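Asks: Just protein.pdb, nothing more (PDB, C-alpha atoms):
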ATOM      1  CA  MET E 903     -24.327  17.540   6.550
ATOM      2  CA  GLU E 904     -21.104  16.199   7.964
ATOM      3  CA  ARG E 905     -18.569  18.614   9.352
ATOM      4  CA  VAL E 906     -14.919  17.825   8.604
ATOM      5  CA  ALA E 907     -13.615  20.609  10.820
ATOM      6  CA  GLU E 908     -15.105  23.247  13.051
ATOM      7  CA  GLY E 909     -17.177  25.575  10.906
ATOM      8  CA  VAL E 910     -16.503  23.773   7.628
ATOM      9  CA  ARG E 911     -19.649  22.435   6.034
ATOM     10  CA  VAL E 912     -19.177  19.945   3.266
ATOM     11  CA  ASP E 913     -21.149  19.646   0.058
ATOM     12  CA  ASN E 914     -20.655  15.913  -0.280
ATOM     13  CA  TYR E 915     -18.728  13.124   1.387
ATOM     14  CA  LEU E 916     -17.722   9.516   0.899
ATOM     15  CA  ARG E 917     -16.354   6.953   3.285
ATOM     16  CA  LEU E 918     -14.716   3.733   2.118
ATOM     17  CA  VAL E 919     -13.606   0.957   4.435
ATOM     18  CA  PHE E 920     -11.667  -1.996   3.070
ATOM     19  CA  PRO E 921      -9.118  -4.622   4.136
ATOM     20  CA  SER E 922      -5.456  -3.830   3.496
ATOM     21  CA  ARG E 923      -5.210  -6.008   0.412
ATOM     22  CA  SER E 924      -3.210  -4.628  -2.492
ATOM     23  CA  GLU E 925      -5.983  -5.152  -5.050
ATOM     24  CA  ASN E 926      -7.930  -2.425  -3.240
ATOM     25  CA  GLU E 927      -5.366   0.228  -4.212
ATOM     26  CA  SER E 928      -6.943   0.758  -7.626
ATOM     27  CA  LEU E 929     -10.441   0.621  -6.157
ATOM     28  CA  ALA E 930      -9.594   3.437  -3.723
ATOM     29  CA  ARG E 931      -8.101   5.811  -6.287
ATOM     30  CA  VAL E 932     -10.849   5.166  -8.832
ATOM     31  CA  ALA E 933     -13.519   5.813  -6.172
ATOM     32  CA  VAL E 934     -11.875   9.108  -5.193
ATOM     33  CA  ALA E 935     -11.552  10.114  -8.849
ATOM     34  CA  SER E 936     -15.256   9.410  -9.417
ATOM     35  CA  PHE E 937     -16.138  11.307  -6.271
ATOM     36  CA  VAL E 938     -14.430  14.507  -7.484
ATOM     37  CA  ALA E 939     -15.675  14.153 -11.077
ATOM     38  CA  PRO E 940     -18.537  16.694 -10.568
ATOM     39  CA  LEU E 941     -15.875  19.376  -9.971
ATOM     40  CA  ASP E 942     -14.690  18.774 -13.524
ATOM     41  CA  PRO E 943     -10.978  18.653 -12.724
ATOM     42  CA  THR E 944      -8.432  18.699 -15.534
ATOM     43  CA  MET E 945      -6.811  15.373 -16.463
ATOM     44  CA  GLU E 946      -3.631  16.594 -14.808
ATOM     45  CA  GLU E 947      -5.369  17.483 -11.541
ATOM     46  CA  LEU E 948      -7.176  14.157 -11.549
ATOM     47  CA  THR E 949      -3.989  12.177 -12.189
ATOM     48  CA  GLU E 950      -2.220  14.084  -9.402
ATOM     49  CA  LEU E 951      -4.990  13.308  -6.926
ATOM     50  CA  LYS E 952      -5.222   9.655  -7.973
ATOM     51  CA  THR E 953      -1.465   9.254  -7.637
ATOM     52  CA  ALA E 954      -1.401  10.869  -4.184
ATOM     53  CA  VAL E 955      -4.285   8.660  -3.002
ATOM     54  CA  SER E 956      -2.563   5.596  -4.402
ATOM     55  CA  GLU E 957       0.602   6.464  -2.453
ATOM     56  CA  ALA E 958      -1.279   6.985   0.805
ATOM     57  CA  VAL E 959      -3.300   3.773   0.456
ATOM     58  CA  THR E 960      -0.224   1.764  -0.565
ATOM     59  CA  ASN E 961       1.620   3.085   2.493
ATOM     60  CA  ALA E 962      -1.259   2.031   4.756
ATOM     61  CA  ILE E 963      -1.222  -1.445   3.209
ATOM     62  CA  ILE E 964       2.551  -2.025   3.127
ATOM     63  CA  HIS E 965       3.757  -0.040   6.107
ATOM     64  CA  GLY E 966       0.674   0.251   8.318
ATOM     65  CA  TYR E 967      -0.022  -3.460   8.261
ATOM     66  CA  PRO E 968       3.274  -5.150   7.377
ATOM     67  CA  ASP E 969       2.377  -8.566   8.804
ATOM     68  CA  GLU E 970      -1.403  -8.725   8.895
ATOM     69  CA  ILE E 971      -4.535  -7.613   7.117
ATOM     70  CA  GLY E 972      -6.115  -4.629   8.812
ATOM     71  CA  GLU E 973      -8.691  -2.017   7.941
ATOM     72  CA  VAL E 974      -7.996   1.022   5.787
ATOM     73  CA  VAL E 975     -10.438   3.931   5.799
ATOM     74  CA  VAL E 976     -10.576   6.490   3.010
ATOM     75  CA  ALA E 977     -12.808   9.452   3.827
ATOM     76  CA  CYS E 978     -13.372  12.181   1.232
ATOM     77  CA  ALA E 979     -15.172  15.470   1.626
ATOM     78  CA  LEU E 980     -15.944  18.130  -0.969
ATOM     79  CA  HIS E 981     -16.239  21.771  -0.102
ATOM     80  CA  GLY E 982     -16.627  24.110  -3.047
ATOM     81  CA  ASN E 983     -13.822  23.254  -5.448
ATOM     82  CA  ARG E 984     -11.680  21.711  -2.732
ATOM     83  CA  VAL E 985     -11.415  18.064  -1.806
ATOM     84  CA  GLN E 986     -10.058  16.603   1.399
ATOM     85  CA  VAL E 987      -9.045  12.938   1.419
ATOM     86  CA  VAL E 988      -8.148  11.256   4.694
ATOM     87  CA  VAL E 989      -6.455   7.851   4.542
ATOM     88  CA  GLU E 990      -6.341   6.151   7.883
ATOM     89  CA  ASP E 991      -5.044   2.870   9.278
ATOM     90  CA  ARG E 992      -4.870   1.416  12.756
ATOM     91  CA  GLY E 993      -1.570  -0.259  12.070
ATOM     92  CA  VAL E 994       1.940  -0.029  13.453
ATOM     93  CA  GLY E 995       2.410   3.720  12.965
ATOM     94  CA  ILE E 996       5.473   5.679  11.854
ATOM     95  CA  PRO E 997       8.184   6.198  14.521
ATOM     96  CA  ASP E 998       9.657   9.267  12.786
ATOM     97  CA  VAL E 999       7.371  11.104  10.344
ATOM     98  CA  ASP E1000      10.045  13.637   9.323
ATOM     99  CA  LEU E1001      12.398  10.826   8.374
ATOM    100  CA  ALA E1002       9.621   9.025   6.480
ATOM    101  CA  LYS E1003       9.031  12.201   4.445
ATOM    102  CA  GLN E1004      12.638  12.367   3.241
ATOM    103  CA  PRO E1005      12.928  11.715  -0.501
ATOM    104  CA  MET E1006      14.344   8.251  -1.247
ATOM    105  CA  TYR E1007      13.892   7.091   2.338
ATOM    106  CA  THR E1008      12.168   3.758   2.740
ATOM    107  CA  SER E1009      11.760   1.611   5.818
ATOM    108  CA  ARG E1010      11.381  -1.451   3.607
ATOM    109  CA  PRO E1011      14.098  -1.485   0.930
ATOM    110  CA  GLU E1012      13.665  -5.253   0.613
ATOM    111  CA  LEU E1013      10.290  -4.587  -1.039
ATOM    112  CA  GLU E1014      11.961  -2.541  -3.768
ATOM    113  CA  ARG E1015      10.232   0.637  -2.674
ATOM    114  CA  SER E1016      11.520   3.828  -4.256
ATOM    115  CA  GLY E1017      11.027   5.963  -1.162
ATOM    116  CA  MET E1018       9.247   8.607  -3.244
ATOM    117  CA  GLY E1019       5.673   8.173  -1.992
ATOM    118  CA  MET E1020       5.639  11.050   0.492
ATOM    119  CA  THR E1021       7.467  13.355  -1.938
ATOM    120  CA  ILE E1022       4.926  12.573  -4.646
ATOM    121  CA  MET E1023       2.040  13.274  -2.265
ATOM    122  CA  GLU E1024       3.606  16.587  -1.204
ATOM    123  CA  THR E1025       4.083  17.601  -4.825
ATOM    124  CA  PHE E1026       0.689  16.523  -6.149
ATOM    125  CA  VAL E1027      -1.645  18.035  -3.549
ATOM    126  CA  ASP E1028      -1.810  21.486  -1.975
ATOM    127  CA  LYS E1029      -1.510  20.276   1.577
ATOM    128  CA  LEU E1030      -0.243  17.037   3.116
ATOM    129  CA  GLU E1031      -0.570  16.225   6.780
ATOM    130  CA  VAL E1032       0.755  13.049   8.361
ATOM    131  CA  GLU E1033      -0.188  12.192  11.926
ATOM    132  CA  SER E1034       1.058   8.948  13.362
ATOM    133  CA  LYS E1035       1.459   7.214  16.658
ATOM    134  CA  PRO E1036       3.540   4.052  16.948
ATOM    135  CA  GLY E1037       1.255   1.167  17.810
ATOM    136  CA  GLU E1038      -1.911   3.152  17.086
ATOM    137  CA  GLY E1039      -1.862   3.958  13.403
ATOM    138  CA  THR E1040      -1.441   6.657  10.821
ATOM    139  CA  ARG E1041      -3.709   9.320   9.412
ATOM    140  CA  VAL E1042      -2.758  11.041   6.171
ATOM    141  CA  THR E1043      -4.739  14.095   5.066
ATOM    142  CA  LEU E1044      -4.545  15.312   1.481
ATOM    143  CA  ILE E1045      -6.151  18.599   0.457
ATOM    144  CA  LYS E1046      -6.395  19.696  -3.136
ATOM    145  CA  THR E1047      -8.154  22.657  -4.723
ATOM    146  CA  PHE E1048      -9.194  22.371  -8.349
ATOM    147  CA  ARG E1049      -8.733  25.434 -10.454
ATOM    148  CA  THR E1050     -11.837  24.860 -12.528
ATOM    149  CA  ALA E1051     -14.962  26.372 -11.011
ATOM    150  CA  PRO E1052     -17.715  23.861 -10.254
ATOM    151  CA  ASP E1053     -21.188  24.368 -11.706
ATOM    152  CA  VAL E1054     -23.256  26.562  -9.484
ATOM    153  CA  MET E1055     -26.039  24.422  -8.090
TER     154      MET E1055
ATOM    155  CA  MET P 180      -2.028  -5.633 -16.381
ATOM    156  CA  SER P 181       0.350  -7.508 -18.666
ATOM    157  CA  VAL P 182       3.977  -7.812 -19.693
ATOM    158  CA  GLU P 183       4.812  -8.428 -23.350
ATOM    159  CA  THR P 184       8.359  -9.462 -24.132
ATOM    160  CA  LYS P 185      10.452  -9.789 -27.277
ATOM    161  CA  LEU P 186      14.133 -10.230 -27.933
ATOM    162  CA  GLU P 187      15.704  -7.881 -30.443
ATOM    163  CA  ARG P 188      19.384  -8.323 -31.291
ATOM    164  CA  GLY P 189      20.218  -9.411 -27.774
ATOM    165  CA  ILE P 190      18.058  -6.801 -26.134
ATOM    166  CA  VAL P 191      15.012  -7.753 -24.113
ATOM    167  CA  VAL P 192      12.182  -5.344 -24.964
ATOM    168  CA  ILE P 193       9.355  -5.314 -22.479
ATOM    169  CA  ALA P 194       6.066  -3.553 -23.149
ATOM    170  CA  LEU P 195       4.169  -2.934 -19.934
ATOM    171  CA  LYS P 196       0.424  -2.570 -19.998
ATOM    172  CA  GLY P 197      -2.112  -1.410 -17.442
ATOM    173  CA  GLU P 198      -1.693   0.422 -14.157
ATOM    174  CA  LEU P 199       1.704   0.365 -12.478
ATOM    175  CA  ASP P 200       0.745   0.406  -8.822
ATOM    176  CA  HIS P 201       2.043  -1.688  -5.928
ATOM    177  CA  HIS P 202      -0.426  -4.494  -6.639
ATOM    178  CA  ALA P 203       0.477  -4.803 -10.326
ATOM    179  CA  VAL P 204       4.198  -4.294  -9.799
ATOM    180  CA  GLU P 205       4.449  -7.264  -7.435
ATOM    181  CA  GLN P 206       3.374  -9.540 -10.272
ATOM    182  CA  MET P 207       5.223  -7.764 -13.072
ATOM    183  CA  ARG P 208       8.549  -7.892 -11.277
ATOM    184  CA  ASP P 209       8.678 -11.692 -11.198
ATOM    185  CA  ARG P 210       7.681 -11.990 -14.835
ATOM    186  CA  ILE P 211      10.322  -9.502 -15.975
ATOM    187  CA  GLU P 212      13.026 -11.165 -13.872
ATOM    188  CA  GLN P 213      12.003 -14.503 -15.337
ATOM    189  CA  GLN P 214      12.330 -13.107 -18.870
ATOM    190  CA  LEU P 215      15.753 -11.689 -18.076
ATOM    191  CA  ALA P 216      16.901 -15.004 -16.602
ATOM    192  CA  GLU P 217      15.774 -16.874 -19.722
ATOM    193  CA  HIS P 218      17.760 -14.751 -22.165
ATOM    194  CA  GLY P 219      21.460 -14.056 -22.425
ATOM    195  CA  TYR P 220      20.669 -10.384 -22.908
ATOM    196  CA  ARG P 221      22.929  -7.348 -23.233
ATOM    197  CA  GLY P 222      20.294  -4.775 -22.522
ATOM    198  CA  LEU P 223      16.748  -4.084 -21.392
ATOM    199  CA  VAL P 224      14.254  -1.654 -22.885
ATOM    200  CA  MET P 225      11.024  -0.944 -21.017
ATOM    201  CA  SER P 226       8.214   0.624 -23.024
ATOM    202  CA  PHE P 227       5.549   2.663 -21.253
ATOM    203  CA  ARG P 228       3.295   3.266 -24.266
ATOM    204  CA  ASN P 229       0.393   1.392 -22.696
ATOM    205  CA  ILE P 230       0.747   2.546 -19.120
ATOM    206  CA  ASP P 231      -2.331   4.501 -18.027
ATOM    207  CA  PHE P 232      -1.290   5.066 -14.443
ATOM    208  CA  MET P 233       1.862   4.871 -12.385
ATOM    209  CA  ASP P 234       2.843   5.726  -8.815
ATOM    210  CA  SER P 235       6.071   5.348  -6.841
ATOM    211  CA  SER P 236       5.751   1.558  -6.984
ATOM    212  CA  GLY P 237       6.508   1.837 -10.705
ATOM    213  CA  LEU P 238       9.663   3.799  -9.893
ATOM    214  CA  GLY P 239      10.679   0.974  -7.557
ATOM    215  CA  LEU P 240      10.088  -1.545 -10.347
ATOM    216  CA  ILE P 241      12.271   0.397 -12.798
ATOM    217  CA  LEU P 242      15.086   1.013 -10.312
ATOM    218  CA  GLY P 243      15.014  -2.625  -9.229
ATOM    219  CA  ARG P 244      15.391  -3.799 -12.826
ATOM    220  CA  TYR P 245      18.155  -1.246 -13.369
ATOM    221  CA  ARG P 246      19.972  -2.933 -10.508
ATOM    222  CA  SER P 247      19.470  -6.416 -12.012
ATOM    223  CA  VAL P 248      20.572  -5.309 -15.476
ATOM    224  CA  SER P 249      23.626  -3.436 -14.179
ATOM    225  CA  GLU P 250      24.730  -6.416 -12.099
ATOM    226  CA  HIS P 251      24.447  -8.510 -15.241
ATOM    227  CA  GLY P 252      26.675  -6.001 -17.056
ATOM    228  CA  GLY P 253      23.870  -4.830 -19.346
ATOM    229  CA  LYS P 254      22.474  -1.441 -20.362
ATOM    230  CA  MET P 255      18.974  -0.193 -19.808
ATOM    231  CA  ALA P 256      16.728   2.369 -21.502
ATOM    232  CA  LEU P 257      13.105   3.485 -21.261
ATOM    233  CA  CYS P 258      10.832   4.633 -24.065
ATOM    234  CA  GLU P 259       7.424   6.091 -24.959
ATOM    235  CA  VAL P 260       6.997   7.857 -21.658
ATOM    236  CA  ASN P 261       4.068  10.283 -21.428
ATOM    237  CA  PRO P 262       4.477  13.702 -19.733
ATOM    238  CA  THR P 263       2.819  12.540 -16.480
ATOM    239  CA  LEU P 264       5.229   9.639 -16.105
ATOM    240  CA  LYS P 265       8.142  11.808 -17.118
ATOM    241  CA  ARG P 266       7.320  14.149 -14.260
ATOM    242  CA  LEU P 267       7.564  11.228 -11.803
ATOM    243  CA  PHE P 268      10.850  10.137 -13.374
ATOM    244  CA  GLU P 269      12.249  13.658 -13.031
ATOM    245  CA  MET P 270      11.095  13.971  -9.443
ATOM    246  CA  SER P 271      12.826  10.750  -8.441
ATOM    247  CA  GLY P 272      16.106  11.535 -10.187
ATOM    248  CA  LEU P 273      15.653   8.421 -12.303
ATOM    249  CA  LEU P 274      16.350  10.379 -15.505
ATOM    250  CA  LYS P 275      19.881  10.985 -14.290
ATOM    251  CA  VAL P 276      20.639   7.256 -14.357
ATOM    252  CA  ILE P 277      18.429   5.781 -17.073
ATOM    253  CA  PRO P 278      17.974   7.395 -20.502
ATOM    254  CA  VAL P 279      14.516   7.853 -22.037
ATOM    255  CA  TYR P 280      13.829   7.701 -25.781
ATOM    256  CA  ASP P 281      10.795   8.606 -27.873
ATOM    257  CA  SER P 282      10.568   5.243 -29.602
ATOM    258  CA  GLU P 283      11.427   1.628 -28.964
ATOM    259  CA  GLU P 284      13.693   1.626 -32.030
ATOM    260  CA  ALA P 285      15.675   4.601 -30.733
ATOM    261  CA  ALA P 286      16.051   2.949 -27.315
ATOM    262  CA  VAL P 287      17.272  -0.329 -28.845
ATOM    263  CA  ALA P 288      19.643   1.521 -31.194
ATOM    264  CA  ALA P 289      21.062   3.532 -28.303
ATOM    265  CA  ILE P 290      21.883   0.405 -26.310
ATOM    266  CA  LEU P 291      23.404  -1.329 -29.353
ATOM    267  CA  GLY P 292      25.533   1.710 -30.077
ATOM    268  CA  ALA P 293      26.637   2.137 -26.472
TER     269      ALA P 293
END
Spit out the file's structure as structure tokens when you get a sec.
Replies:
Amino acid sequence: MERVAEGVRVDNYLRLVFPSRSENESLARVAVASFVAPLDPTMEELTELKTAVSEAVTNAIIHGYPDEIGEVVVACALHGNRVQVVVEDRGVGIPDVDLAKQPMYTSRPELERSGMGMTIMETFVDKLEVESKPGEGTRVTLIKTFRTAPDVM
Amino acid sequence: MSVETKLERGIVVIALKGELDHHAVEQMRDRIEQQLAEHGYRGLVMSFRNIDFMDSSGLGLILGRYRSVSEHGGKMALCEVNPTLKRLFEMSGLLKVIPVYDSEEAAVAAILGA
């Protein structure tokens, strides 16, 4: 059993590592959706999680590695009816996380970004954590609890 | 992922299909811009009937086209938006600038009557 945090035992986990190529965005969200399927989430919960994961992975690809292909890691852990998804890159990092979280803010307007990614993540999961160090990378943690009770094993 | 286009009384009607994420949007944007450049249009309608998934990249695509269409002096409308997409539109404030209609016909009629 892997431990995601001190004292937290997980029921199941998944770790995906892929290059920061945009075609992997759908792969990542579909993998996470399949991973949480045993919890029998509602369509709405599933769409919310998929959208949040898509935002985090897209950010890693566009903003983490703006000029090169790097590695993106998506690590998921299930504990009861709660899922934790960590999306990590070792890219350029975010100089000002608070600014990046502002609705409509984008560091790359030339890419026609809406600046809504962080806001969508905050709205669609129960907890969003963004840790970043310029030059070292970014780690985004999404935690979501599904209202439906999982089958008792 | 595909983009289906038709011209209806001077209005370019684009039916998007597939998943509107960053990867898909990159390709769709060029195709839509190409369609707009080819027609002397007065408006653009984007239909979301066949969109299964969308994230903020889709919002960027819509707002970018709104910019193109406005610069051209045209009007824009969206149609057949499911509740999940509508929630994203609301969140982004997009509904304040671009109207949404239930059907393609209503969207086209609204632009023609504007």
Asks: Find the residues of chain P in contact range of chain E, meaning any atom within 9 Å when counting all atoms listed in the file, and list them as a PDB file with C-alpha atoms, in the coordinates of the input.
Replies:
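The resulting iface_7.pdb:
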ATOM      1  CA  GLU P 198      -1.693   0.422 -14.157  1.00  0.00           C
ATOM      2  CA  ASP P 200       0.745   0.406  -8.822  1.00  0.00           C
ATOM      3  CA  HIS P 201       2.043  -1.688  -5.928  1.00  0.00           C
ATOM      4  CA  HIS P 202      -0.426  -4.494  -6.639  1.00  0.00           C
ATOM      5  CA  ALA P 203       0.477  -4.803 -10.326  1.00  0.00           C
ATOM      6  CA  PHE P 232      -1.290   5.066 -14.443  1.00  0.00           C
ATOM      7  CA  MET P 233       1.862   4.871 -12.385  1.00  0.00           C
ATOM      8  CA  ASP P 234       2.843   5.726  -8.815  1.00  0.00           C
ATOM      9  CA  SER P 235       6.071   5.348  -6.841  1.00  0.00           C
ATOM     10  CA  SER P 236       5.751   1.558  -6.984  1.00  0.00           C
ATOM     11  CA  GLY P 237       6.508   1.837 -10.705  1.00  0.00           C
ATOM     12  CA  LEU P 238       9.663   3.799  -9.893  1.00  0.00           C
ATOM     13  CA  GLY P 239      10.679   0.974  -7.557  1.00  0.00           C
ATOM     14  CA  LEU P 240      10.088  -1.545 -10.347  1.00  0.00           C
ATOM     15  CA  LEU P 242      15.086   1.013 -10.312  1.00  0.00           C
ATOM     16  CA  GLY P 243      15.014  -2.625  -9.229  1.00  0.00           C
ATOM     17  CA  THR P 263       2.819  12.540 -16.480  1.00  0.00           C
ATOM     18  CA  LEU P 267       7.564  11.228 -11.803  1.00  0.00           C
ATOM     19  CA  MET P 270      11.095  13.971  -9.443  1.00  0.00           C
ATOM     20  CA  SER P 271      12.826  10.750  -8.441  1.00  0.00           C
TER      21      SER P 271
END
Asks: Could you pull the residues within 12 Å of Ser249 in chain P, counting all atoms listed in the file, minus those fewer than 6 positions along the same chain, as a PDB file with C-alpha atoms, in the frame of the given file?
Replies:
ATOM      1  CA  TYR P 220      20.669 -10.384 -22.908  1.00  0.00           C
ATOM      2  CA  ARG P 221      22.929  -7.348 -23.233  1.00  0.00           C
ATOM      3  CA  GLY P 222      20.294  -4.775 -22.522  1.00  0.00           C
ATOM      4  CA  LEU P 223      16.748  -4.084 -21.392  1.00  0.00           C
ATOM      5  CA  LEU P 242      15.086   1.013 -10.312  1.00  0.00           C
ATOM      6  CA  GLY P 243      15.014  -2.625  -9.229  1.00  0.00           C
ATOM      7  CA  MET P 255      18.974  -0.193 -19.808  1.00  0.00           C
ATOM      8  CA  ALA P 256      16.728   2.369 -21.502  1.00  0.00           C
ATOM      9  CA  VAL P 276      20.639   7.256 -14.357  1.00  0.00           C
ATOM     10  CA  ILE P 277      18.429   5.781 -17.073  1.00  0.00           C
TER      11      ILE P 277
END
Asks: Run the PyMOL selection byres ((chain E and resi 935) around 12) mentally over the shown coordinates, then write out the matched residues as a compact mmCIF listing (two decimals) with C-alpha atoms, keeping the file's coordinate frame, using the chain letters and numbers from the document.
Replies:
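Okay, part30.txt is ready:
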# COMPACT_ATOMS: atom_id res chain seq x y z
CA LEU E 916 -17.72 9.52 0.90
CA SER E 928 -6.94 0.76 -7.63
CA LEU E 929 -10.44 0.62 -6.16
CA ALA E 930 -9.59 3.44 -3.72
CA ARG E 931 -8.10 5.81 -6.29
CA VAL E 932 -10.85 5.17 -8.83
CA ALA E 933 -13.52 5.81 -6.17
CA VAL E 934 -11.88 9.11 -5.19
CA SER E 936 -15.26 9.41 -9.42
CA PHE E 937 -16.14 11.31 -6.27
CA VAL E 938 -14.43 14.51 -7.48
CA ALA E 939 -15.68 14.15 -11.08
CA PRO E 940 -18.54 16.69 -10.57
CA LEU E 941 -15.88 19.38 -9.97
CA ASP E 942 -14.69 18.77 -13.52
CA PRO E 943 -10.98 18.65 -12.72
CA THR E 944 -8.43 18.70 -15.53
CA MET E 945 -6.81 15.37 -16.46
CA GLU E 946 -3.63 16.59 -14.81
CA GLU E 947 -5.37 17.48 -11.54
CA LEU E 948 -7.18 14.16 -11.55
CA THR E 949 -3.99 12.18 -12.19
CA GLU E 950 -2.22 14.08 -9.40
CA LEU E 951 -4.99 13.31 -6.93
CA LYS E 952 -5.22 9.65 -7.97
CA THR E 953 -1.46 9.25 -7.64
CA ALA E 954 -1.40 10.87 -4.18
CA VAL E 955 -4.28 8.66 -3.00
CA SER E 956 -2.56 5.60 -4.40
CA CYS E 978 -13.37 12.18 1.23
CA VAL E 985 -11.42 18.06 -1.81
CA VAL E 987 -9.04 12.94 1.42
Asks: What is the distance, in Å and to one decimal place, between CA of Arg1010 in chain E and CA of Lys254 in chain P?
Replies: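 Computing the Euclidean distance for CA of Arg1010 in chain E and CA of Lys254 in chain P yields 26.4 Å.
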Asks: Name the closest residue to Glu217 in chain P among the candidates P:Ile230, P:Leu186, P:Val204, P:Leu199; distances are taken between atoms, counting all atoms listed in the file.
Replies: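 Looking only at the distances to Glu217 in chain P, the closest residue turns out to be P:Leu186.
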Asks: Can you turn the PyMOL selection byres ((chain E and resi 1043) around 6) into a concrete residue list for this file, as a list in words?
Replies: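 Written out, the selection comes to Val987, Val988, Leu1030, Glu1031, Val1042 and Leu1044 of chain E.
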Asks: Filtering to C-alpha atoms, could you give me those residues as a JSON list (two decimals), keeping the file's coordinate frame?
Replies:
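Output below, filename result32.json:
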[["chain", "number", "residue", "atom", "x", "y", "z"],
["E", 987, "VAL", "CA", -9.04, 12.94, 1.42],
["E", 988, "VAL", "CA", -8.15, 11.26, 4.69],
["E", 1030, "LEU", "CA", -0.24, 17.04, 3.12],
["E", 1031, "GLU", "CA", -0.57, 16.23, 6.78],
["E", 1042, "VAL", "CA", -2.76, 11.04, 6.17],
["E", 1044, "LEU", "CA", -4.54, 15.31, 1.48]]
Asks: Can you list, as a ChimeraX atom specification, the residues that the PyMOL selection byres ((chain P and resi 187) around 10) selects here?
Replies: /P:184-186,188-192,220,222-224,284,287
Asks: With 6 Å added on each side, what axis-aligned box encloses every listed atom of range 282-291 of chain P? Give the centre and edge lengths in Å to one decimal, as AutoDock Vina command-line options.
Replies:
--center_x 17.0 --center_y 2.0 --center_z -29.2 --size_x 24.8 --size_y 18.6 --size_z 17.7
Asks: If you measure from CA of Pro921 in chain E to CA of Ala962 in chain E, what distance in Å do you get, rounded to one decimal?
Replies: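 Rounded to one decimal, the two atoms are 10.3 Å apart.
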Asks: Nearest residue to Phe1026 in chain E out of E:Leu918, E:Ala979, E:Val912, E:Ala958, using only C-alpha atoms?
Replies: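 Nearest candidate to Phe1026 in chain E out of E:Leu918, E:Ala979, E:Val912, E:Ala958: E:Ala958.
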Asks: Between CA of Val994 in chain E and CA of Ile241 in chain P, what is the distance in Å, rounded to a tenth?
Replies: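 Straight-line distance from CA of Val994 in chain E to CA of Ile241 in chain P works out to 28.2 Å.
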Asks: Quick one: of E:Leu980, E:Ile1045, E:Ile996, E:Leu1001, who's nearest to Asn914 in chain E, counting all atoms listed in the file?
Replies: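 Among the listed residues, E:Leu980 lies closest to Asn914 in chain E.
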